[in-house]
file final34.csv (CSV, C-alpha atoms)
chain,number,residue,atom,x,y,z
V,1,MET,CA,5.0,3.0,21.6
V,2,SER,CA,5.1,5.3,18.5
V,3,ALA,CA,4.0,4.0,15.1
V,4,ASP,CA,7.4,4.9,13.7
V,5,ARG,CA,9.1,2.8,16.3
V,6,LEU,CA,6.7,-0.1,15.7
V,7,LEU,CA,7.5,0.0,12.0
V,8,ARG,CA,11.2,-0.1,12.8
V,9,GLU,CA,10.7,-3.3,14.7
V,10,ILE,CA,9.6,-5.1,11.6
V,11,ALA,CA,11.9,-3.3,9.1
V,12,ASP,CA,14.0,-6.5,8.4
V,13,VAL,CA,11.0,-8.8,7.8
V,14,GLY,CA,10.5,-9.8,4.2
V,15,ARG,CA,13.3,-7.7,2.6
V,16,ASP,CA,13.6,-8.7,-1.0
V,17,ALA,CA,17.3,-8.6,-2.0
V,18,GLY,CA,16.5,-9.2,-5.7
V,19,ARG,CA,13.7,-6.7,-6.3
V,20,GLY,CA,14.5,-4.3,-3.5
V,21,GLY,CA,11.8,-3.3,-1.0
V,22,TYR,CA,9.7,-6.0,0.6
V,23,SER,CA,7.9,-9.2,-0.6
V,24,ARG,CA,5.5,-10.3,2.1
V,25,HIS,CA,2.6,-12.5,0.8
V,26,ALA,CA,-0.3,-14.4,2.4
V,27,PHE,CA,0.9,-17.3,4.5
V,28,ASP,CA,4.6,-17.1,3.5
V,29,ASP,CA,7.3,-17.0,6.1
V,30,ALA,CA,7.5,-13.2,6.1
V,31,GLU,CA,3.8,-12.6,6.4
V,32,LEU,CA,3.4,-15.3,9.1
V,33,THR,CA,6.2,-13.6,11.1
V,34,LEU,CA,4.3,-10.3,10.9
V,35,ARG,CA,1.1,-12.0,12.0
V,36,GLN,CA,2.9,-13.3,15.0
V,37,TRP,CA,4.3,-9.9,15.7
V,38,PHE,CA,0.9,-8.3,15.6
V,39,ILE,CA,-0.5,-11.0,17.9
V,40,GLU,CA,2.3,-10.5,20.4
V,41,GLN,CA,1.8,-6.7,20.3
V,42,ALA,CA,-1.9,-7.1,21.0
V,43,GLY,CA,-1.2,-9.5,23.8
V,44,MET,CA,1.3,-7.1,25.4
V,45,ARG,CA,-1.6,-4.6,25.6
V,46,GLY,CA,-4.1,-7.1,27.0
V,47,LEU,CA,-6.2,-7.2,23.8
V,48,ALA,CA,-8.1,-10.4,23.2
V,49,VAL,CA,-7.0,-11.9,19.9
V,50,ARG,CA,-8.9,-14.2,17.6
V,51,THR,CA,-8.5,-15.3,14.0
V,52,ASP,CA,-11.8,-15.5,12.0
V,53,ARG,CA,-12.7,-18.3,9.6
V,54,ASN,CA,-11.0,-16.5,6.7
V,55,GLY,CA,-7.6,-15.8,8.3
V,56,ASN,CA,-8.3,-12.2,9.4
V,57,ILE,CA,-6.9,-11.3,12.8
V,58,TRP,CA,-9.0,-9.4,15.3
V,59,ALA,CA,-7.7,-7.8,18.6
V,60,TRP,CA,-10.4,-6.5,20.9
V,61,TRP,CA,-10.1,-3.7,23.5
V,62,GLY,CA,-12.8,-4.9,25.8
V,63,ARG,CA,-15.5,-7.5,25.2
V,64,PRO,CA,-16.3,-8.3,21.6
V,65,GLN,CA,-19.7,-7.0,20.7
V,66,ARG,CA,-21.6,-6.0,17.6
V,67,GLY,CA,-21.4,-2.5,16.3
V,68,ALA,CA,-17.8,-2.0,17.2
V,69,VAL,CA,-15.5,0.8,16.0
V,70,VAL,CA,-12.9,-1.1,14.0
V,71,THR,CA,-9.6,0.0,12.6
V,72,GLY,CA,-6.7,-1.7,10.9
V,73,SER,CA,-5.2,-2.6,7.5
V,74,HIS,CA,-3.0,-5.5,6.1
V,75,LEU,CA,0.5,-6.8,6.5
V,76,ASP,CA,1.2,-8.3,3.0
V,77,SER,CA,2.8,-6.5,0.1
V,78,VAL,CA,3.1,-6.5,-3.6
V,79,PRO,CA,6.4,-8.1,-4.9
V,80,GLY,CA,9.2,-5.7,-4.1
V,81,GLY,CA,6.8,-3.2,-2.5
V,82,GLY,CA,7.4,-0.4,0.0
V,83,ALA,CA,7.7,-0.6,3.8
V,84,PHE,CA,4.5,1.4,4.5
V,85,ASP,CA,1.7,0.0,2.3
V,86,GLY,CA,-0.3,-2.0,4.8
V,87,PRO,CA,1.9,-2.2,7.9
V,88,LEU,CA,1.6,1.6,8.5
V,89,GLY,CA,-2.1,1.2,9.2
V,90,VAL,CA,-1.5,-1.8,11.5
V,91,ALA,CA,1.3,-0.1,13.4
V,92,SER,CA,-0.8,3.1,13.7
V,93,ALA,CA,-3.7,1.2,15.1
V,94,ILE,CA,-1.5,-0.3,17.8
V,95,ALA,CA,0.0,3.1,18.5
V,96,ALA,CA,-3.4,4.7,18.7
V,97,VAL,CA,-4.4,2.3,21.5
V,98,ASP,CA,-1.3,3.4,23.4
V,99,ILE,CA,-2.0,7.1,22.8
V,100,LEU,CA,-5.6,6.7,24.1
V,101,ARG,CA,-4.6,4.7,27.1
V,102,ALA,CA,-1.9,7.2,28.0
V,103,LYS,CA,-4.5,9.9,28.3
V,104,GLY,CA,-6.8,7.7,30.4
V,105,PHE,CA,-9.4,7.0,27.6
V,106,SER,CA,-11.7,4.0,28.0
V,107,PRO,CA,-14.0,3.2,25.1
V,108,THR,CA,-17.7,3.2,25.8
V,109,LYS,CA,-18.3,1.4,22.5
V,110,PRO,CA,-16.4,-1.8,21.7
V,111,LEU,CA,-13.2,-1.2,19.8
V,112,ALA,CA,-11.1,-3.6,17.7
V,113,LEU,CA,-8.0,-3.8,15.6
V,114,LEU,CA,-8.3,-5.9,12.4
V,115,VAL,CA,-5.6,-7.3,10.1
V,116,PHE,CA,-6.8,-8.5,6.8
V,117,ALA,CA,-5.3,-11.5,4.9
V,118,GLU,CA,-3.8,-11.0,1.4
V,119,GLU,CA,-4.9,-7.4,0.5
V,120,GLU,CA,-2.5,-7.0,-2.4
V,121,GLY,CA,-3.2,-10.2,-4.2
V,122,GLY,CA,0.6,-10.6,-4.5
V,123,ARG,CA,0.5,-14.4,-4.1
V,124,PHE,CA,-2.9,-15.6,-5.2
V,125,GLY,CA,-3.9,-12.9,-7.6
V,126,VAL,CA,-7.1,-11.6,-6.0
V,127,PRO,CA,-6.9,-8.3,-4.2
V,128,CYS,CA,-8.6,-7.8,-0.8
V,129,LEU,CA,-8.9,-11.5,-0.4
V,130,GLY,CA,-9.6,-11.5,3.3
V,131,SER,CA,-12.3,-8.8,3.1
V,132,ARG,CA,-13.9,-10.3,0.0
V,133,LEU,CA,-14.2,-13.6,1.7
V,134,LEU,CA,-15.5,-12.0,4.9
V,135,THR,CA,-18.3,-10.1,3.1
V,136,GLY,CA,-19.1,-12.9,0.6
V,137,ALA,CA,-17.9,-11.0,-2.4
V,138,LEU,CA,-15.6,-13.9,-3.3
V,139,ASP,CA,-16.8,-17.5,-3.7
V,140,ALA,CA,-15.1,-19.8,-1.2
V,141,ASP,CA,-14.6,-22.6,-3.7
V,142,ARG,CA,-13.0,-20.3,-6.1
V,143,ALA,CA,-10.8,-18.9,-3.4
V,144,ARG,CA,-9.6,-22.3,-2.2
V,145,GLY,CA,-8.6,-23.2,-5.7
V,146,LEU,CA,-6.5,-20.0,-6.4
V,147,ARG,CA,-2.8,-20.9,-7.1
V,148,ASP,CA,0.4,-19.1,-6.7
V,149,THR,CA,3.2,-19.1,-9.2
V,150,GLU,CA,4.5,-22.4,-7.8
V,151,GLY,CA,1.2,-24.1,-8.2
V,152,ILE,CA,0.3,-24.1,-4.5
V,153,THR,CA,-3.3,-23.5,-3.8
V,154,LEU,CA,-4.7,-21.0,-1.2
V,155,ALA,CA,-6.2,-24.0,0.5
V,156,GLU,CA,-2.9,-25.8,0.8
V,157,ALA,CA,-1.0,-22.7,2.0
V,158,ALA,CA,-3.7,-21.8,4.5
V,159,ALA,CA,-3.8,-25.4,5.9
V,160,LYS,CA,0.0,-25.4,6.2
V,161,ALA,CA,-0.3,-22.2,8.2
V,162,GLY,CA,-2.8,-23.8,10.6
V,163,HIS,CA,-6.1,-22.6,9.1
V,164,ASP,CA,-9.0,-24.7,8.0
V,165,PRO,CA,-9.7,-23.7,4.4
V,166,GLU,CA,-13.1,-25.6,4.5
V,167,ARG,CA,-14.3,-22.8,6.8
V,168,PHE,CA,-13.5,-20.1,4.2
V,169,GLY,CA,-16.5,-18.1,3.1
V,170,ALA,CA,-19.0,-15.3,4.0
V,171,ASP,CA,-18.9,-14.6,7.7
V,172,PRO,CA,-22.0,-12.5,8.6
V,173,GLU,CA,-21.3,-13.0,12.4
V,174,SER,CA,-17.9,-11.3,12.1
V,175,LEU,CA,-19.2,-8.7,9.7
V,176,SER,CA,-21.9,-7.7,12.1
V,177,MET,CA,-19.3,-6.9,14.7
V,178,ILE,CA,-18.2,-3.9,12.6
V,179,GLY,CA,-20.2,-0.8,13.3
V,180,CYS,CA,-17.8,1.3,11.3
V,181,PHE,CA,-14.3,0.8,9.9
V,182,ILE,CA,-11.5,3.3,9.6
V,183,GLU,CA,-8.4,2.3,7.6
V,184,LEU,CA,-5.2,4.4,7.9
V,185,HIS,CA,-2.9,4.0,4.9
V,186,VAL,CA,0.1,5.7,3.3
V,187,GLU,CA,-1.0,7.8,0.4
V,188,GLN,CA,-0.3,6.2,-2.9
V,189,GLY,CA,0.1,9.4,-4.9
V,190,ARG,CA,1.2,13.0,-4.5
V,191,GLY,CA,-2.1,14.7,-3.5
V,192,LEU,CA,-0.8,15.6,0.0
V,193,ILE,CA,2.5,16.8,-1.4
V,194,ASP,CA,0.6,19.3,-3.5
V,195,MET,CA,-1.8,20.2,-0.7
V,196,ASP,CA,1.0,20.5,1.9
V,197,SER,CA,-0.9,18.5,4.4
V,198,PRO,CA,0.3,15.5,6.5
V,199,VAL,CA,-3.1,13.7,6.5
V,200,ALA,CA,-6.3,13.6,4.5
V,201,THR,CA,-9.6,11.7,4.6
V,202,GLY,CA,-10.6,9.4,1.7
V,203,SER,CA,-13.6,10.4,-0.5
V,204,SER,CA,-13.7,7.6,-3.1
V,205,ILE,CA,-12.0,4.8,-4.9
V,206,ILE,CA,-12.4,4.4,-8.7
V,207,ALA,CA,-13.6,1.1,-10.2
V,208,HIS,CA,-10.9,-1.5,-10.5
V,209,GLY,CA,-10.6,-4.8,-12.3
V,210,ARG,CA,-8.0,-7.4,-13.0
V,211,TYR,CA,-8.1,-9.6,-16.1
V,212,ARG,CA,-6.0,-12.5,-17.3
V,213,PHE,CA,-5.3,-12.8,-21.0
V,214,SER,CA,-4.1,-16.4,-21.9
V,215,PHE,CA,-2.6,-16.8,-25.4
V,216,SER,CA,-1.7,-20.2,-26.8
V,217,GLY,CA,0.3,-20.9,-30.0
V,218,GLN,CA,3.0,-23.3,-31.0
V,219,GLY,CA,6.3,-23.7,-29.1
V,220,ASN,CA,9.2,-24.1,-31.4
V,221,HIS,CA,12.9,-23.6,-32.1
V,222,ALA,CA,14.0,-19.9,-32.3
V,223,GLY,CA,16.7,-20.6,-34.9
V,224,ALA,CA,15.1,-23.3,-37.0
V,225,THR,CA,11.6,-21.9,-37.4
V,226,LEU,CA,11.0,-19.5,-40.3
V,227,ILE,CA,9.0,-16.4,-39.5
V,228,ALA,CA,6.3,-17.4,-41.9
V,229,ASP,CA,5.8,-20.7,-40.1
V,230,ARG,CA,5.5,-19.3,-36.6
V,231,HIS,CA,2.4,-19.1,-34.3
V,232,ASP,CA,4.1,-17.0,-31.6
V,233,PRO,CA,1.8,-16.0,-28.7
V,234,MET,CA,4.2,-13.3,-27.6
V,235,LEU,CA,3.1,-11.1,-30.5
V,236,PRO,CA,-0.5,-10.8,-29.6
V,237,ALA,CA,0.6,-10.4,-26.0
V,238,ALA,CA,2.8,-7.5,-27.0
V,239,ALA,CA,-0.2,-6.0,-29.0
V,240,VAL,CA,-2.3,-6.0,-25.7
V,241,ILE,CA,0.4,-4.2,-23.8
V,242,ALA,CA,0.5,-1.4,-26.4
V,243,ALA,CA,-3.3,-1.4,-26.7
V,244,ALA,CA,-3.7,-1.0,-23.0
V,245,ARG,CA,-1.6,2.2,-23.0
V,246,ARG,CA,-3.4,3.6,-26.0
V,247,ALA,CA,-6.9,2.9,-24.6
V,248,ALA,CA,-6.1,4.4,-21.2
V,249,ALA,CA,-4.5,7.5,-22.8
V,250,ALA,CA,-7.7,8.0,-24.9
V,251,ALA,CA,-10.1,7.7,-22.0
V,252,ARG,CA,-10.6,10.4,-19.3
V,253,ASP,CA,-9.0,9.5,-15.9
V,254,ALA,CA,-8.4,5.9,-17.0
V,255,ARG,CA,-5.5,3.7,-16.0
V,256,ALA,CA,-4.5,0.4,-17.7
V,257,THR,CA,-1.4,-1.5,-16.8
V,258,VAL,CA,0.2,-4.8,-17.7
V,259,GLY,CA,2.7,-5.5,-14.9
V,260,ARG,CA,3.0,-9.3,-15.1
V,261,LEU,CA,3.7,-11.5,-18.2
V,262,VAL,CA,4.5,-15.2,-18.0
V,263,PRO,CA,5.7,-17.1,-21.1
V,264,VAL,CA,6.0,-20.9,-21.2
V,265,PRO,CA,8.5,-22.4,-21.3
V,266,GLY,CA,10.4,-19.2,-21.0
V,267,GLY,CA,13.7,-20.0,-22.8
V,268,THR,CA,15.8,-17.4,-24.6
V,269,ASN,CA,16.0,-19.5,-27.7
V,270,VAL,CA,12.5,-20.9,-27.6
V,271,ILE,CA,9.3,-19.6,-29.2
V,272,ALA,CA,6.8,-19.6,-26.4
V,273,SER,CA,3.9,-22.1,-26.5
V,274,THR,CA,1.7,-20.0,-24.2
V,275,VAL,CA,1.8,-16.5,-22.7
V,276,ASP,CA,-0.3,-15.3,-19.8
V,277,LEU,CA,-0.5,-11.6,-19.0
V,278,TRP,CA,-2.5,-9.7,-16.4
V,279,LEU,CA,-4.2,-6.4,-17.1
V,280,ASP,CA,-5.1,-4.0,-14.3
V,281,ALA,CA,-7.8,-1.6,-15.5
V,282,ARG,CA,-9.2,1.3,-13.5
V,283,VAL,CA,-11.7,3.9,-14.8
V,284,PRO,CA,-14.2,6.0,-12.7
V,285,GLY,CA,-17.8,5.7,-13.7
V,286,ALA,CA,-20.3,2.9,-14.2
V,287,GLY,CA,-19.4,0.6,-17.1
V,288,ARG,CA,-16.4,2.5,-18.2
V,289,THR,CA,-13.8,-0.1,-17.0
V,290,ALA,CA,-15.7,-2.8,-18.8
V,291,ALA,CA,-15.8,-0.7,-22.0
V,292,LEU,CA,-12.1,-0.1,-21.8
V,293,VAL,CA,-11.3,-3.8,-21.3
V,294,ASP,CA,-13.7,-4.7,-24.2
V,295,ASP,CA,-11.6,-2.4,-26.5
V,296,ILE,CA,-8.4,-4.1,-25.4
V,297,ALA,CA,-9.9,-7.5,-25.7
V,298,GLU,CA,-10.9,-6.9,-29.3
V,299,VAL,CA,-7.3,-6.0,-30.1
V,300,ALA,CA,-6.2,-9.3,-28.4
V,301,ARG,CA,-8.6,-11.4,-30.5
V,302,ILE,CA,-7.6,-9.8,-33.8
V,303,ALA,CA,-3.8,-10.0,-33.0
V,304,ALA,CA,-4.2,-13.6,-31.9
V,305,ALA,CA,-6.1,-14.6,-35.1
V,306,GLU,CA,-3.5,-12.9,-37.3
V,307,GLU,CA,-0.7,-14.9,-35.6
V,308,GLY,CA,-2.6,-18.2,-35.7
V,309,CYS,CA,-3.0,-18.3,-31.9
V,310,ARG,CA,-5.9,-18.5,-29.5
V,311,VAL,CA,-6.8,-16.3,-26.6
V,312,THR,CA,-9.1,-16.6,-23.5
V,313,ILE,CA,-9.9,-13.7,-21.3
V,314,THR,CA,-10.8,-14.2,-17.6
V,315,GLU,CA,-12.0,-11.5,-15.2
V,316,GLU,CA,-10.2,-12.3,-11.9
V,317,SER,CA,-11.7,-9.5,-9.8
V,318,TYR,CA,-13.7,-6.4,-10.1
V,319,SER,CA,-14.9,-3.7,-7.8
V,320,ASP,CA,-17.3,-0.8,-8.7
V,321,ASP,CA,-16.6,2.8,-7.8
V,322,VAL,CA,-16.7,3.3,-4.0
V,323,VAL,CA,-17.9,6.5,-2.3
V,324,PHE,CA,-17.0,6.4,1.4
V,325,ASP,CA,-19.6,7.1,4.0
V,326,GLU,CA,-20.1,10.9,3.9
V,327,PRO,CA,-21.5,11.4,7.5
V,328,LEU,CA,-18.5,9.4,8.8
V,329,ARG,CA,-16.1,11.4,6.7
V,330,ARG,CA,-17.5,14.7,7.9
V,331,ARG,CA,-17.2,13.5,11.5
V,332,MET,CA,-13.6,12.6,10.9
V,333,ASP,CA,-13.0,15.9,9.3
V,334,ARG,CA,-14.5,17.8,12.2
V,335,VAL,CA,-12.3,16.0,14.7
V,336,LEU,CA,-9.2,16.6,12.6
V,337,GLY,CA,-9.9,20.3,12.1
V,338,GLY,CA,-10.7,20.4,8.4
V,339,VAL,CA,-8.2,18.2,6.4
V,340,PRO,CA,-8.3,17.6,2.6
V,341,ALA,CA,-10.5,14.9,1.2
V,342,LEU,CA,-8.8,12.8,-1.5
V,343,PRO,CA,-10.1,10.4,-4.2
V,344,THR,CA,-7.8,7.5,-5.1
V,345,GLY,CA,-7.2,4.9,-7.8
V,346,ALA,CA,-5.8,2.5,-5.2
V,347,GLY,CA,-8.0,-0.3,-3.8
V,348,HIS,CA,-8.3,-1.0,-0.1
V,349,ASP,CA,-10.1,-3.4,2.3
V,350,ALA,CA,-12.2,-0.4,3.4
V,351,GLY,CA,-13.5,-0.1,-0.1
V,352,ILE,CA,-14.8,-3.7,0.1
V,353,LEU,CA,-16.4,-3.1,3.5
V,354,ALA,CA,-18.0,0.1,2.3
V,355,ALA,CA,-20.8,-1.8,0.6
V,356,HIS,CA,-21.8,-3.3,4.0
V,357,VAL,CA,-20.8,-0.9,6.8
V,358,PRO,CA,-19.9,2.8,7.1
V,359,ALA,CA,-16.2,2.9,6.1
V,360,GLY,CA,-13.6,5.6,5.9
V,361,MET,CA,-9.9,6.2,5.0
V,362,LEU,CA,-7.2,8.3,6.6
V,363,TYR,CA,-4.2,8.9,4.4
V,364,VAL,CA,-0.7,9.9,5.5
V,365,ARG,CA,1.6,11.9,3.3
V,366,ASN,CA,4.1,10.1,1.1
V,367,PRO,CA,6.8,12.7,0.1
V,368,THR,CA,8.0,10.6,-2.9
V,369,GLY,CA,4.5,10.2,-4.4
V,370,ILE,CA,5.6,6.6,-5.2
V,371,SER,CA,4.0,3.4,-4.0
V,372,HIS,CA,4.2,-0.3,-4.8
V,373,ALA,CA,7.9,0.3,-5.1
V,374,PRO,CA,10.9,0.5,-2.7
V,375,GLU,CA,10.9,4.4,-2.9
V,376,GLU,CA,7.5,4.5,-1.1
V,377,HIS,CA,8.1,6.6,2.1
V,378,ALA,CA,6.6,8.5,5.0
V,379,GLU,CA,8.5,10.8,7.3
V,380,PRO,CA,8.6,9.7,11.0
V,381,ILE,CA,6.9,13.0,12.0
V,382,ASP,CA,4.1,12.3,9.6
V,383,VAL,CA,3.8,8.7,10.6
V,384,ASP,CA,3.3,9.7,14.2
V,385,PHE,CA,1.0,12.5,13.3
V,386,GLY,CA,-1.1,10.0,11.5
V,387,ALA,CA,-1.3,7.7,14.5
V,388,VAL,CA,-2.3,10.7,16.7
V,389,SER,CA,-5.0,11.7,14.1
V,390,LEU,CA,-6.3,8.1,14.1
V,391,ALA,CA,-6.4,8.2,17.9
V,392,HIS,CA,-8.5,11.4,17.8
V,393,VAL,CA,-10.9,9.7,15.4
V,394,LEU,CA,-11.2,6.6,17.4
V,395,GLU,CA,-11.8,8.6,20.6
V,396,GLU,CA,-14.6,10.5,18.8
V,397,LEU,CA,-16.2,7.3,17.5
V,398,ALA,CA,-15.8,5.0,20.5
V,399,GLY,CA,-16.1,7.6,23.3

call {"tool": "encode", "arguments": {"input": "final34.csv", "output": "C-alpha cells"}}
result
Amino acid sequence: MSADRLLREIADVGRDAGRGGYSRHAFDDAELTLRQWFIEQAGMRGLAVRTDRNGNIWAWWGRPQRGAVVTGSHLDSVPGGGAFDGPLGVASAIAAVDILRAKGFSPTKPLALLVFAEEEGGRFGVPCLGSRLLTGALDADRARGLRDTEGITLAEAAAKAGHDPERFGADPESLSMIGCFIELHVEQGRGLIDMDSPVATGSSIIAHGRYRFSFSGQGNHAGATLIADRHDPMLPAAAVIAAARRAAAAARDARATVGRLVPVPGGTNVIASTVDLWLDARVPGAGRTAALVDDIAEVARIAAAEEGCRVTITEESYSDDVVFDEPLRRRMDRVLGGVPALPTGAGHDAGILAAHVPAGMLYVRNPTGISHAPEEHAEPIDVDFGAVSLAHVLEELAG
C-alpha cells in the first residue's frame, strides 16, 4: 500500500475543530487509536510487534536481533499541528516494507519499524520523550512526574493506557538492537522548495532547549486596584516575550520563541497571581543557546523585581548540536543518486539516538514551507517518492 494511501486512512483521527489541524498527544484517545492502527498494519504484514518498557512500539521483519536496521518516527503532534509531522515517517516505513516485498527482497540483516512515544512534547512538555527514556537521557522519576495541563501525570496516563510506568527508564537491551536508524520526516522549512528537490538527507540539528519561566505576584481586582499598588506578573512575562525576539534577532542563526503562556486564575477582570511561560531557544554552536537564555533570564529578573514579583527559571530539556553520521549519510546519498543535504532547526528522535548509534534523516519536500500548523503539506507524488527512496536506503543497509 502506498504511503499516501496509508496517511489517508488516518486522516480523520485527532482532528482539532478548534485549532484546525490535528491534536494527537501521548496516550490520549487519538494517539492510542493511531498506535492500534500501526499495530494492525504491522500484523497484516506478518511483522512481530512488541512494546518496550518506555511505550515505544517495535515491529520486526524477521527475528529480532542486535545490530538491526531500524526506521520509523512518531504518531503524536503539537497542538493543532499538521497531518505529516510524524505519521509521514511511520506510513512511509510501512510502505517501504510493501515496496521491498513486492520486488522479492528479503533482508539479510534484521530490520525493524519503530514508533516513538511523545516526540513533540505536546502533552507532557518534554520533546523526544520515548527516545530520551530509551537512551537514558531523561531520568525516569522525573518523567513519571511530568504533568499535562489537566494535572495528569505521565505515570497515570501511561498506566491507564496499559503500560507499567515503574518500568520506565534506560533500556540498553532495546538500544543494542539498533545497528543504525533512519527517520523519514516531512521537511519543516523551505530548503527543498528552493533546491527543487523532492527529498534530501539530513546533515545536522542545531542545539535546542526548552525553559519554563514562572512569575508570581499578587492576584487582585482589575478595577479596584490602583496601578501603583499592583504586583502584576503579566508585565515581566511580557518583557520576556519581547526580550526573546530581540535576543534572537541580535544573534546569528538564533531562534527564540514563546508559544505558550498560562496566567492563573486567567480571568478577564483579574490581575493574575502567577504567570508561567515557556521559552523555546535554538542556537547552533556550543554554549550559545545557554548564553542566549542567560540574556533573556536577566531581563526576566530585572522586570520581575521592578514589578515586585518573583521569578524562577527551569530548564525542562536541552539537546546539543547534532551532526548525523557522515558515512551513513554518504551511503544514503549514493543510493539516492546525489540528493541535497540539509541542516535543520527542528528536533527529532534520530537526533537523540545519534549520540548512541549511527543515525540519519531523510526529508520529504513541503511545498508550503510551513510546519507545526495546519498548512503543513506534502504532495502525494512526493510522499510516495519519499517512501520509494526510503525503500532504496533500507535495501542497501539491510541487503

call {"tool": "atom_distance", "arguments": {"input": "final34.csv", "atom1": "CA of Tyr22 (chain V)", "atom2": "CA of Ala238 (chain V)"}}
result
28.5 Å

call {"tool": "residues_near_point", "arguments": {"input": "final34.csv", "point": "(-20.0, -12.0, 9.9)", "cutoff": "10 Å", "atoms": "only C-alpha atoms", "output": "ChimeraX atom specification"}}
result
/V:52-53,66,134-136,169-178

call {"tool": "closest_residue", "arguments": {"input": "final34.csv", "among": "V:Ala93, V:Ile370, V:Ala17, V:Ala26", "to": "Gly122 (chain V)", "atoms": "only C-alpha atoms"}}
result
V:Ala26

call {"tool": "closest_residue", "arguments": {"input": "final34.csv", "among": "V:Val299, V:Ala341, V:Ala42, V:Val275", "to": "Ser197 (chain V)", "atoms": "only C-alpha atoms"}}
result
V:Ala341

call {"tool": "atom_distance", "arguments": {"input": "final34.csv", "atom1": "CA of Ala11 (chain V)", "atom2": "CA of Glu31 (chain V)"}}
result
12.6 Å

call {"tool": "closest_residue", "arguments": {"input": "final34.csv", "among": "V:Ser2, V:Gln188, V:Thr201, V:Asn269", "to": "Ala224 (chain V)", "atoms": "all atoms listed in the file"}}
result
V:Asn269

call {"tool": "closest_residue", "arguments": {"input": "final34.csv", "among": "V:Gly351, V:Pro236, V:Gly81, V:Pro374", "to": "His208 (chain V)", "atoms": "only C-alpha atoms"}}
result
V:Gly351

call {"tool": "atom_distance", "arguments": {"input": "final34.csv", "atom1": "CA of Gly20 (chain V)", "atom2": "CA of Glu375 (chain V)"}}
result
9.4 Å

call {"tool": "residues_near_point", "arguments": {"input": "final34.csv", "point": "(5.9, -15.2, -23.2)", "cutoff": "12 Å", "atoms": "all atoms listed in the file", "output": "number ranges by chain"}}
result
V: 213-219, 232-238, 260-277

call {"tool": "write_last_selection", "arguments": {"input": "final34.csv", "atoms": "C-alpha atoms", "output": "PDB file, in the coordinates of the input"}}
result
ATOM      1  CA  PHE V 213      -5.300 -12.800 -21.000  1.00  0.00           C
ATOM      2  CA  SER V 214      -4.100 -16.400 -21.900  1.00  0.00           C
ATOM      3  CA  PHE V 215      -2.600 -16.800 -25.400  1.00  0.00           C
ATOM      4  CA  SER V 216      -1.700 -20.200 -26.800  1.00  0.00           C
ATOM      5  CA  GLY V 217       0.300 -20.900 -30.000  1.00  0.00           C
ATOM      6  CA  GLN V 218       3.000 -23.300 -31.000  1.00  0.00           C
ATOM      7  CA  GLY V 219       6.300 -23.700 -29.100  1.00  0.00           C
ATOM      8  CA  ASP V 232       4.100 -17.000 -31.600  1.00  0.00           C
ATOM      9  CA  PRO V 233       1.800 -16.000 -28.700  1.00  0.00           C
ATOM     10  CA  MET V 234       4.200 -13.300 -27.600  1.00  0.00           C
ATOM     11  CA  LEU V 235       3.100 -11.100 -30.500  1.00  0.00           C
ATOM     12  CA  PRO V 236      -0.500 -10.800 -29.600  1.00  0.00           C
ATOM     13  CA  ALA V 237       0.600 -10.400 -26.000  1.00  0.00           C
ATOM     14  CA  ALA V 238       2.800  -7.500 -27.000  1.00  0.00           C
ATOM     15  CA  ARG V 260       3.000  -9.300 -15.100  1.00  0.00           C
ATOM     16  CA  LEU V 261       3.700 -11.500 -18.200  1.00  0.00           C
ATOM     17  CA  VAL V 262       4.500 -15.200 -18.000  1.00  0.00           C
ATOM     18  CA  PRO V 263       5.700 -17.100 -21.100  1.00  0.00           C
ATOM     19  CA  VAL V 264       6.000 -20.900 -21.200  1.00  0.00           C
ATOM     20  CA  PRO V 265       8.500 -22.400 -21.300  1.00  0.00           C
ATOM     21  CA  GLY V 266      10.400 -19.200 -21.000  1.00  0.00           C
ATOM     22  CA  GLY V 267      13.700 -20.000 -22.800  1.00  0.00           C
ATOM     23  CA  THR V 268      15.800 -17.400 -24.600  1.00  0.00           C
ATOM     24  CA  ASN V 269      16.000 -19.500 -27.700  1.00  0.00           C
ATOM     25  CA  VAL V 270      12.500 -20.900 -27.600  1.00  0.00           C
ATOM     26  CA  ILE V 271       9.300 -19.600 -29.200  1.00  0.00           C
ATOM     27  CA  ALA V 272       6.800 -19.600 -26.400  1.00  0.00           C
ATOM     28  CA  SER V 273       3.900 -22.100 -26.500  1.00  0.00           C
ATOM     29  CA  THR V 274       1.700 -20.000 -24.200  1.00  0.00           C
ATOM     30  CA  VAL V 275       1.800 -16.500 -22.700  1.00  0.00           C
ATOM     31  CA  ASP V 276      -0.300 -15.300 -19.800  1.00  0.00           C
ATOM     32  CA  LEU V 277      -0.500 -11.600 -19.000  1.00  0.00           C
TER      33      LEU V 277
END

call {"tool": "residues_around", "arguments": {"input": "final34.csv", "residues": "Arg282 (chain V)", "least_positions_apart": "2", "cutoff": "6 Å", "atoms": "only C-alpha atoms", "output": "number ranges by chain"}}
result
V: 207-208, 254-255, 289

call {"tool": "write_last_selection", "arguments": {"input": "final34.csv", "atoms": "C-alpha atoms", "output": "CSV table (one decimal), in the frame of the given file"}}
result
chain,number,residue,atom,x,y,z
V,207,ALA,CA,-13.6,1.1,-10.2
V,208,HIS,CA,-10.9,-1.5,-10.5
V,254,ALA,CA,-8.4,5.9,-17.0
V,255,ARG,CA,-5.5,3.7,-16.0
V,289,THR,CA,-13.8,-0.1,-17.0

call {"tool": "residues_around", "arguments": {"input": "final34.csv", "residues": "Arg167 (chain V)", "least_positions_apart": "3", "cutoff": "9 Å", "atoms": "all atoms listed in the file", "output": "JSON, numbers by chain"}}
result
{"V": [53, 54, 140, 163, 164]}

call {"tool": "closest_residue", "arguments": {"input": "final34.csv", "among": "V:Gly89, V:Ser317, V:Ile182, V:Asn56", "to": "Val357 (chain V)", "atoms": "all atoms listed in the file"}}
result
V:Ile182

call {"tool": "closest_residue", "arguments": {"input": "final34.csv", "among": "V:Gly308, V:Gly360, V:Gly72, V:Gly338", "to": "Val322 (chain V)", "atoms": "all atoms listed in the file"}}
result
V:Gly360

call {"tool": "residues_around", "arguments": {"input": "final34.csv", "residues": "Ala95 (chain V)", "least_positions_apart": "2", "cutoff": "8 Å", "atoms": "only C-alpha atoms", "output": "NGL selection string"}}
result
:V and (1-3 or 6 or 91-93 or 97-99 or 387)

call {"tool": "residues_around", "arguments": {"input": "final34.csv", "residues": "Asp382 (chain V)", "least_positions_apart": "4", "cutoff": "10 Å", "atoms": "only C-alpha atoms", "output": "ChimeraX atom specification"}}
result
/V:3-4,186,197-199,364-367,378,386-388
